[in-house]
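Shown here: work.txt, compact mmCIF, C-alpha atoms.
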# COMPACT_ATOMS: atom_id res chain seq x y z
CA MET A 1 0.00 0.00 0.00
CA SER A 2 1.31 3.41 -0.80
CA TYR A 3 0.12 6.91 -0.26
CA LYS A 4 0.92 9.93 -2.32
CA ILE A 5 0.04 13.26 -0.84
CA ASP A 6 0.68 16.41 -2.79
CA LYS A 7 1.29 19.23 -0.40
CA LEU A 8 1.10 22.74 -1.70
CA ALA A 9 4.46 24.29 -0.89
CA VAL A 10 3.51 27.87 -1.72
CA PRO A 11 0.03 29.27 -2.35
CA ILE A 12 0.86 29.80 -6.02
CA LYS A 13 0.05 27.71 -9.08
CA ILE A 14 2.03 28.17 -12.29
CA ASP A 15 1.68 26.93 -15.85
CA MET A 16 3.87 27.39 -18.89
CA LEU A 17 2.11 27.79 -22.21
CA THR A 18 4.18 27.27 -25.33
CA PRO A 19 3.27 29.39 -28.32
CA PHE A 20 3.39 27.54 -31.63
CA THR A 21 2.80 30.46 -33.99
CA LEU A 22 3.76 34.10 -33.88
CA ASP A 23 2.28 35.94 -36.81
CA ALA A 24 2.59 39.66 -37.34
CA ASN A 25 -0.13 41.64 -35.59
CA LYS A 26 -1.97 38.53 -34.46
CA ASP A 27 -2.44 36.63 -31.24
CA TRP A 28 0.14 33.99 -30.49
CA GLY A 29 -1.01 30.42 -30.94
CA LEU A 30 -0.76 28.60 -27.61
CA THR A 31 -0.14 25.02 -26.59
CA ALA A 32 -1.03 23.97 -23.04
CA PRO A 33 0.91 21.38 -21.04
CA ALA A 34 -0.66 17.92 -20.76
CA THR A 35 -1.77 18.64 -17.20
CA LEU A 36 -2.55 22.12 -16.01
CA ASN A 37 -1.47 23.19 -12.54
CA THR A 38 -3.60 26.33 -12.58
CA ASP A 39 -7.37 26.62 -12.94
CA ILE A 40 -7.23 28.37 -16.32
CA SER A 41 -8.61 26.95 -19.56
CA VAL A 42 -6.60 27.20 -22.75
CA GLY A 43 -7.82 27.75 -26.31
CA SER A 44 -5.79 27.74 -29.47
CA ASN A 45 -5.03 31.47 -29.39
CA ASP A 46 -6.05 32.50 -25.90
CA PHE A 47 -6.64 31.36 -22.35
CA THR A 48 -9.30 32.17 -19.77
CA ILE A 49 -8.74 33.16 -16.17
CA TYR A 50 -11.48 33.11 -13.57
CA SER A 51 -12.48 35.21 -10.58
CA GLY A 52 -11.39 34.00 -7.18
CA SER A 53 -7.68 34.47 -7.85
CA SER A 54 -5.28 37.13 -9.04
CA TYR A 55 -2.90 36.41 -11.90
CA TYR A 56 0.60 37.47 -12.89
CA ILE A 57 1.32 36.82 -16.56
CA GLU A 58 4.59 37.04 -18.49
CA ALA A 59 5.25 36.48 -22.19
CA SER A 60 8.60 36.41 -23.91
CA VAL A 61 10.34 35.39 -27.10
CA THR A 62 13.91 35.51 -28.29
CA ALA A 63 13.48 36.76 -31.82
CA ARG A 64 16.03 37.33 -34.57
CA ASN A 65 15.99 40.15 -37.08
CA ALA A 66 18.52 39.05 -39.66
CA ASN A 67 18.43 42.37 -41.53
CA ARG A 68 18.71 44.43 -38.34
CA ASN A 69 16.20 46.91 -39.63
CA GLY A 70 13.16 46.53 -37.46
CA ALA A 71 11.44 46.42 -34.13
CA PHE A 72 8.39 44.73 -32.75
CA THR A 73 6.23 44.98 -29.69
CA PHE A 74 3.94 42.47 -28.06
CA GLN A 75 1.56 42.81 -25.17
CA ILE A 76 -0.86 40.95 -22.94
CA TYR A 77 -4.32 41.54 -24.38
CA ASN A 78 -7.65 41.43 -22.55
CA GLN A 79 -10.03 40.13 -25.19
CA THR A 80 -13.02 40.43 -22.87
CA SER A 81 -12.61 44.23 -22.77
CA SER A 82 -10.67 44.55 -26.07
CA ILE A 83 -7.79 46.36 -24.47
CA ALA A 84 -4.06 45.80 -24.10
CA ILE A 85 -3.03 45.55 -20.47
CA GLY A 86 0.19 45.70 -18.48
CA GLN A 87 3.63 46.52 -19.79
CA ASP A 88 4.45 45.72 -23.39
CA ALA A 89 7.75 44.30 -24.59
CA LEU A 90 9.91 45.93 -27.24
CA LEU A 91 12.60 44.29 -29.30
CA ASN A 92 14.48 46.94 -31.22
CA LEU A 93 17.14 45.57 -33.56
CA ASN A 94 17.17 48.53 -35.88
CA GLY A 95 20.61 49.75 -37.00
CA THR A 96 22.96 50.47 -34.16
CA ALA A 97 20.40 49.74 -31.47
CA ALA A 98 21.75 46.23 -31.19
CA SER A 99 25.15 44.73 -31.70
CA SER A 100 23.64 41.41 -32.65
CA ALA A 101 20.58 40.23 -34.49
CA ARG A 102 19.03 38.73 -31.36
CA GLN A 103 17.78 40.01 -28.07
CA GLY A 104 16.64 38.10 -25.05
CA ARG A 105 15.04 38.98 -21.72
CA ARG A 106 12.29 41.09 -23.29
CA VAL A 107 9.11 40.37 -21.36
CA ALA A 108 5.53 41.61 -21.55
CA ARG A 109 3.83 41.36 -18.20
CA ALA A 110 0.57 42.13 -16.45
CA LEU A 111 -0.75 41.74 -12.92
CA ILE A 112 -4.49 41.13 -13.02
CA LEU A 113 -6.21 41.40 -9.67
CA ASP A 114 -9.18 39.31 -8.65
CA SER A 115 -11.21 42.53 -8.48
CA ASP A 116 -10.43 43.14 -12.20
CA ILE A 117 -12.22 39.93 -13.18
CA THR A 118 -16.03 39.98 -13.26
CA SER A 119 -16.41 36.24 -13.63
CA SER A 120 -13.84 35.37 -16.25
CA MET A 121 -11.41 37.13 -18.57
CA VAL A 122 -10.09 35.90 -21.91
CA ILE A 123 -6.40 36.70 -22.35
CA SER A 124 -4.12 36.49 -25.37
CA VAL A 125 -0.63 37.64 -26.28
CA ARG A 126 -0.71 39.91 -29.28
CA GLN A 127 1.94 41.40 -31.48
CA THR A 128 1.00 45.05 -31.45
CA SER A 129 3.50 46.43 -33.96
CA ILE A 130 6.25 45.23 -36.25
CA SER A 131 8.64 46.91 -38.69
CA GLY A 132 11.56 45.77 -40.79
CA SER A 133 12.15 42.48 -42.56
CA GLY A 134 13.88 39.18 -42.05
CA TRP A 135 12.28 38.32 -38.71
CA GLU A 136 12.45 34.83 -37.26
CA TRP A 137 10.68 33.87 -34.07
CA ASP A 138 9.52 30.30 -34.37
CA TYR A 139 11.47 27.58 -32.68
CA GLN A 140 14.40 26.61 -34.85
CA ALA A 141 17.59 24.71 -34.36
CA ASP A 142 19.68 27.84 -34.57
CA GLY A 143 18.39 29.21 -31.32
CA VAL A 144 15.76 31.60 -32.58
CA GLY A 145 12.44 31.83 -30.85
CA TYR A 146 11.03 29.29 -28.47
CA PRO A 147 8.66 31.69 -26.79
CA SER A 148 6.78 31.03 -23.59
CA VAL A 149 3.83 32.42 -21.68
CA ARG A 150 4.02 32.00 -17.92
CA VAL A 151 0.81 32.18 -15.90
CA TRP A 152 0.98 32.56 -12.12
CA GLN A 153 -2.27 32.04 -10.24
CA LEU A 154 -2.03 33.97 -6.97
CA PRO A 155 -4.19 34.17 -3.86
CA SER A 156 -6.74 36.94 -4.18
CA MET B 157 0.57 3.60 12.24
CA SER B 158 1.72 7.16 11.77
CA PHE B 159 2.93 9.18 8.87
CA LYS B 160 5.36 12.02 8.93
CA LEU B 161 5.24 14.40 6.03
CA GLY B 162 8.58 15.84 5.08
CA SER B 163 8.81 19.49 4.32
CA LEU B 164 11.46 21.31 2.35
CA PRO B 165 11.83 25.06 2.08
CA ALA B 166 9.76 26.53 -0.73
CA PHE B 167 12.70 28.21 -2.46
CA PHE B 168 16.00 26.75 -3.62
CA ARG B 169 18.91 27.66 -5.81
CA ALA B 170 22.03 26.18 -7.34
CA HIS B 171 24.92 27.76 -9.15
CA ASN B 172 28.37 27.37 -10.60
CA THR B 173 30.74 30.29 -11.06
CA SER B 174 33.53 28.28 -12.67
CA ASN B 175 34.22 28.38 -16.38
CA GLN B 176 32.66 25.55 -18.35
CA THR B 177 33.45 24.72 -21.94
CA LEU B 178 30.22 23.66 -23.57
CA ASN B 179 29.12 21.86 -26.67
CA THR B 180 25.78 20.76 -28.03
CA GLY B 181 24.34 18.03 -25.81
CA ASP B 182 26.31 18.95 -22.71
CA ASN B 183 24.79 19.16 -19.26
CA LEU B 184 25.86 22.14 -17.24
CA THR B 185 27.57 21.29 -13.98
CA LEU B 186 26.27 22.96 -10.85
CA GLY B 187 28.81 23.58 -8.13
CA LYS B 188 26.59 24.19 -5.11
CA ALA B 189 22.94 23.84 -4.21
CA TYR B 190 20.99 25.42 -1.38
CA ASN B 191 17.72 23.91 -0.09
CA ALA B 192 18.07 21.24 -2.77
CA ILE B 193 20.18 18.14 -3.36
CA LEU B 194 22.70 17.83 -6.17
CA LEU B 195 22.35 14.64 -8.19
CA ASP B 196 23.93 12.87 -11.15
CA SER B 197 27.45 14.24 -10.94
CA ASN B 198 26.12 17.66 -9.96
CA THR B 199 24.19 18.14 -13.20
CA ARG B 200 20.73 18.10 -11.62
CA VAL B 201 18.96 19.19 -8.48
CA SER B 202 16.00 17.70 -6.67
CA CYS B 203 12.98 19.88 -7.27
CA ASP B 204 9.66 18.06 -6.64
CA VAL B 205 7.11 20.02 -8.70
CA SER B 206 8.74 23.39 -9.17
CA TYR B 207 8.81 26.49 -11.24
CA VAL B 208 12.42 27.04 -12.17
CA TYR B 209 14.42 29.75 -13.80
CA GLY B 210 17.88 29.06 -15.17
CA GLU B 211 20.41 31.45 -16.55
CA LEU B 212 23.95 31.60 -17.74
CA LYS B 213 26.43 34.30 -18.49
CA SER B 214 29.24 34.21 -20.98
CA ALA B 215 32.11 36.64 -21.35
CA VAL B 216 34.22 34.97 -23.96
CA VAL B 217 35.85 36.39 -27.04
CA GLY B 218 33.92 35.31 -30.08
CA SER B 219 30.32 34.88 -30.97
CA ASN B 220 28.32 32.27 -29.13
CA LEU B 221 24.72 31.26 -29.29
CA PHE B 222 23.53 28.89 -26.59
CA ASP B 223 20.15 27.23 -26.74
CA LEU B 224 19.54 26.41 -23.13
CA ASP B 225 16.82 24.03 -21.97
CA PHE B 226 15.75 22.49 -18.74
CA HIS B 227 15.51 18.76 -18.71
CA SER B 228 14.53 16.19 -16.15
CA ARG B 229 16.12 12.81 -15.54
CA THR B 230 14.40 11.04 -18.40
CA THR B 231 12.54 13.66 -20.36
CA ARG B 232 13.96 16.82 -21.76
CA GLN B 233 11.91 19.77 -20.65
CA ALA B 234 12.11 21.78 -23.82
CA GLN B 235 9.72 24.27 -22.37
CA GLY B 236 10.58 27.83 -21.87
CA TRP B 237 12.86 30.47 -23.05
CA GLN B 238 16.08 29.60 -24.66
CA ALA B 239 19.19 31.41 -23.73
CA SER B 240 20.52 33.06 -26.81
CA LEU B 241 23.84 34.66 -26.24
CA GLN B 242 25.50 36.60 -28.95
CA VAL B 243 28.83 37.54 -27.55
CA VAL B 244 31.14 39.83 -29.42
CA THR B 245 34.60 40.78 -28.38
CA GLY B 246 34.67 42.26 -24.93
CA LEU B 247 30.94 42.11 -24.39
CA THR B 248 29.28 40.04 -21.71
CA GLN B 249 25.79 38.79 -22.27
CA ASP B 250 23.43 36.60 -20.37
CA ASP B 251 20.04 35.07 -20.81
CA GLY B 252 17.67 32.69 -19.13
CA THR B 253 15.10 29.97 -19.51
CA TYR B 254 11.98 28.92 -17.59
CA ALA B 255 10.15 25.67 -16.97
CA VAL B 256 7.73 23.85 -14.74
CA VAL B 257 9.52 20.62 -13.83
CA SER B 258 8.87 17.54 -11.74
CA GLY B 259 11.37 15.33 -9.94
CA THR B 260 14.78 16.63 -10.90
CA CYS B 261 15.99 19.27 -13.25
CA GLY B 262 19.19 20.47 -14.82
CA LEU B 263 20.39 22.75 -17.56
CA PHE B 264 21.21 21.31 -20.94
CA VAL B 265 22.71 22.81 -24.09
CA GLU B 266 20.12 21.95 -26.69
CA ASN B 267 22.19 23.42 -29.46
CA MET B 268 25.11 25.77 -29.72
CA ILE B 269 26.55 27.76 -32.52
CA THR B 270 29.93 29.24 -31.85
CA GLN B 271 32.48 31.21 -33.74
CA GLY B 272 34.81 31.59 -30.82
CA ASP B 273 35.43 30.09 -27.41
CA SER B 274 32.58 27.93 -26.20
CA GLU B 275 32.74 28.92 -22.58
CA THR B 276 30.24 30.14 -20.09
CA ASN B 277 31.43 31.45 -16.77
CA GLN B 278 28.31 31.48 -14.64
CA CYS B 279 25.14 29.43 -14.48
CA ARG B 280 22.33 29.46 -11.97
CA ILE B 281 19.01 27.84 -11.19
CA TYR B 282 16.41 29.52 -9.03
CA GLY B 283 13.45 27.39 -8.02
CA MET B 284 10.13 27.66 -6.24
CA ARG B 285 8.51 24.43 -5.09
CA LEU B 286 4.84 24.37 -6.02
CA LYS B 287 4.10 20.91 -4.61
CA GLN B 288 6.06 18.45 -2.52
Show this structure as structure tokens.
Amino acid sequence: MSYKIDKLAVPIKIDMLTPFTLDANKDWGLTAPATLNTDISVGSNDFTIYSGSSYYIEASVTARNANRNGAFTFQIYNQTSSIAIGQDALLNLNGTAASSARQGRRVARALILDSDITSSMVISVRQTSISGSGWEWDYQADGVGYPSVRVWQLPS
Amino acid sequence: MSFKLGSLPAFFRAHNTSNQTLNTGDNLTLGKAYNAILLDSNTRVSCDVSYVYGELKSAVVGSNLFDLDFHSRTTRQAQGWQASLQVVTGLTQDDGTYAVVSGTCGLFVENMITQGDSETNQCRIYGMRLKQ
């Protein structure tokens, strides 16, 4: 006979969503892990958070701009209210702004309080602007891309 | 019959500040761990179900691109943010990767493109236990 007891170590639940498409000026396509730790539900281009908890959300991608002539921004988007929320992320690889064609550590983030959520809120990650040419951001063997969306479910 | 539930601190970390020469497929060696146990020749730490963040820093001469992934004992955790380091002469860069892992975790060079020295001189894992 054996017993397995999962004990919550901290009052936080976290899931990693893996985007599978990043198209210009569109919502990122999202893949959920096989088993969710949080109480969210995940669609193909969005996920839904529910009242009763607060949420901290981060999104990031390591993109490459081979021609070094552009910039792009992405942001957490509240589809329920049709409004971008939180702090957007900017990758600027235009001209002398970057010594290489890649930048990491650029993160869009938002803290959504329980009081912000009526009953549920549909969230996506949206590219809000893009310029230049020669962008790569999908997962490739040369180290470009592999974005992630990190969802923290916090006590309200 | 009685049962005693073990309890580990919620937060842990591991690091190595020694130079490591890396190639594709290499595990990064961790020198020390705090609130976690080093396993498998110091390439992994015990983590239960944890949210982990790993990073490395390189200060070599040349141009390196590390694809850094977390992986568990048997299954590579290719989740998260790759570290992409483009290091030019005299410039130090760093980057990180995230994952939700179960059991053990370590840092793994998924792929590396280098035009210079293939060294990194710092790596770290920060972890937060979600379940134990």
Mind checking which residues fall within 8 Å of Asn179 (chain B), counting all atoms listed in the file, ignoring those fewer than 2 positions away in the same chain, and posting them as JSON, numbers by chain?
{"B": [177, 181, 182, 265, 267, 268, 274]}
Find, counting only C-alpha atoms, the residue in A:Ile14, A:Ser119, A:Pro19, A:Arg68 that gets nearest to Val208 (chain B).
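Of A:Ile14, A:Ser119, A:Pro19, A:Arg68, the one nearest Val208 (chain B), counting only C-alpha atoms, is A:Ile14.
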From B:Asn175, B:Thr253, B:Thr180, B:Thr260, residue lying nearest Ile193 (chain B) [only C-alpha atoms]:
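Nearest to Ile193 (chain B): B:Thr260.
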Near Gln127 (chain A), within 6 Å and counting all atoms listed in the file, which residues show up once chain neighbours fewer than 3 positions away are dropped, as a list in words?
Asn25, Lys26, Thr73 and Phe74 of chain A
So that I can see what lies close to Thr48 (chain A), please list as a PDB file with C-alpha atoms, in the coordinates of the input the residues with an atom at most 10 Å from it, counting only C-alpha atoms and leaving out residues fewer than 2 positions away in the same chain.
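Generated output (result-v1.pdb):
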ATOM      1  CA  ASP A  39      -7.370  26.620 -12.940  1.00  0.00           C
ATOM      2  CA  ILE A  40      -7.230  28.370 -16.320  1.00  0.00           C
ATOM      3  CA  SER A  41      -8.610  26.950 -19.560  1.00  0.00           C
ATOM      4  CA  VAL A  42      -6.600  27.200 -22.750  1.00  0.00           C
ATOM      5  CA  GLY A  43      -7.820  27.750 -26.310  1.00  0.00           C
ATOM      6  CA  ASP A  46      -6.050  32.500 -25.900  1.00  0.00           C
ATOM      7  CA  TYR A  50     -11.480  33.110 -13.570  1.00  0.00           C
ATOM      8  CA  ASN A  78      -7.650  41.430 -22.550  1.00  0.00           C
ATOM      9  CA  GLN A  79     -10.030  40.130 -25.190  1.00  0.00           C
ATOM     10  CA  THR A  80     -13.020  40.430 -22.870  1.00  0.00           C
ATOM     11  CA  SER A 120     -13.840  35.370 -16.250  1.00  0.00           C
ATOM     12  CA  MET A 121     -11.410  37.130 -18.570  1.00  0.00           C
ATOM     13  CA  VAL A 122     -10.090  35.900 -21.910  1.00  0.00           C
ATOM     14  CA  ILE A 123      -6.400  36.700 -22.350  1.00  0.00           C
ATOM     15  CA  SER A 124      -4.120  36.490 -25.370  1.00  0.00           C
TER      16      SER A 124
END
Non-local contacts of Cys261 (chain B) (12 Å; all atoms listed in the file; under 6 positions in same chain excluded) as a PyMOL selection string:
chain B and resi 169-170+183-186+192-196+198-210+225-234+254-255+281-283
Which residue of B:Ala166, B:Tyr190, B:Glu275, B:Asp223 approaches Ile12 (chain A) most closely, using only C-alpha atoms
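When distances to Ile12 (chain A) are compared using only C-alpha atoms, the smallest one comes from B:Ala166.
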From B:Arg280, B:His171, B:Lys287, B:Lys188, residue lying nearest chain A [only C-alpha atoms]:
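Nearest candidate to chain A out of B:Arg280, B:His171, B:Lys287, B:Lys188: B:Lys287.
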So what do you get for CA of Gly132 (chain A) versus CA of Leu91 (chain A), distance-wise?
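Here the two named atoms are 11.6 Å from each other.
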Give me the residues near Asn65 (chain A) as a ChimeraX atom specification, where near means some atom within 8 Å (using all atoms listed in the file) and where sequence neighbours in that chain fewer than 2 positions away do not count.
/A:63,67-70,93,101-102,133-136
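Note that the spacing between CA of Val61 (chain A) and CA of Val107 (chain A) amounts to 7.7 Å.
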So the first atom is CA of Glu266 (chain B) and the second is CA of Leu224 (chain B); what is the distance between them in Å, to one decimal place?
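CA of Leu224 (chain B) lies 5.7 Å from CA of Glu266 (chain B).
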Closest of B:Leu263, B:Gln278, B:Val256, B:Leu178 to chain A, counting all atoms listed in the file, is B:Val256
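For the residues A:Leu154, A:Ile130, A:Leu17, A:Ser54, ranking by smallest atom-to-atom distance to Ser115 (chain A) using only C-alpha atoms places A:Ser54 first.
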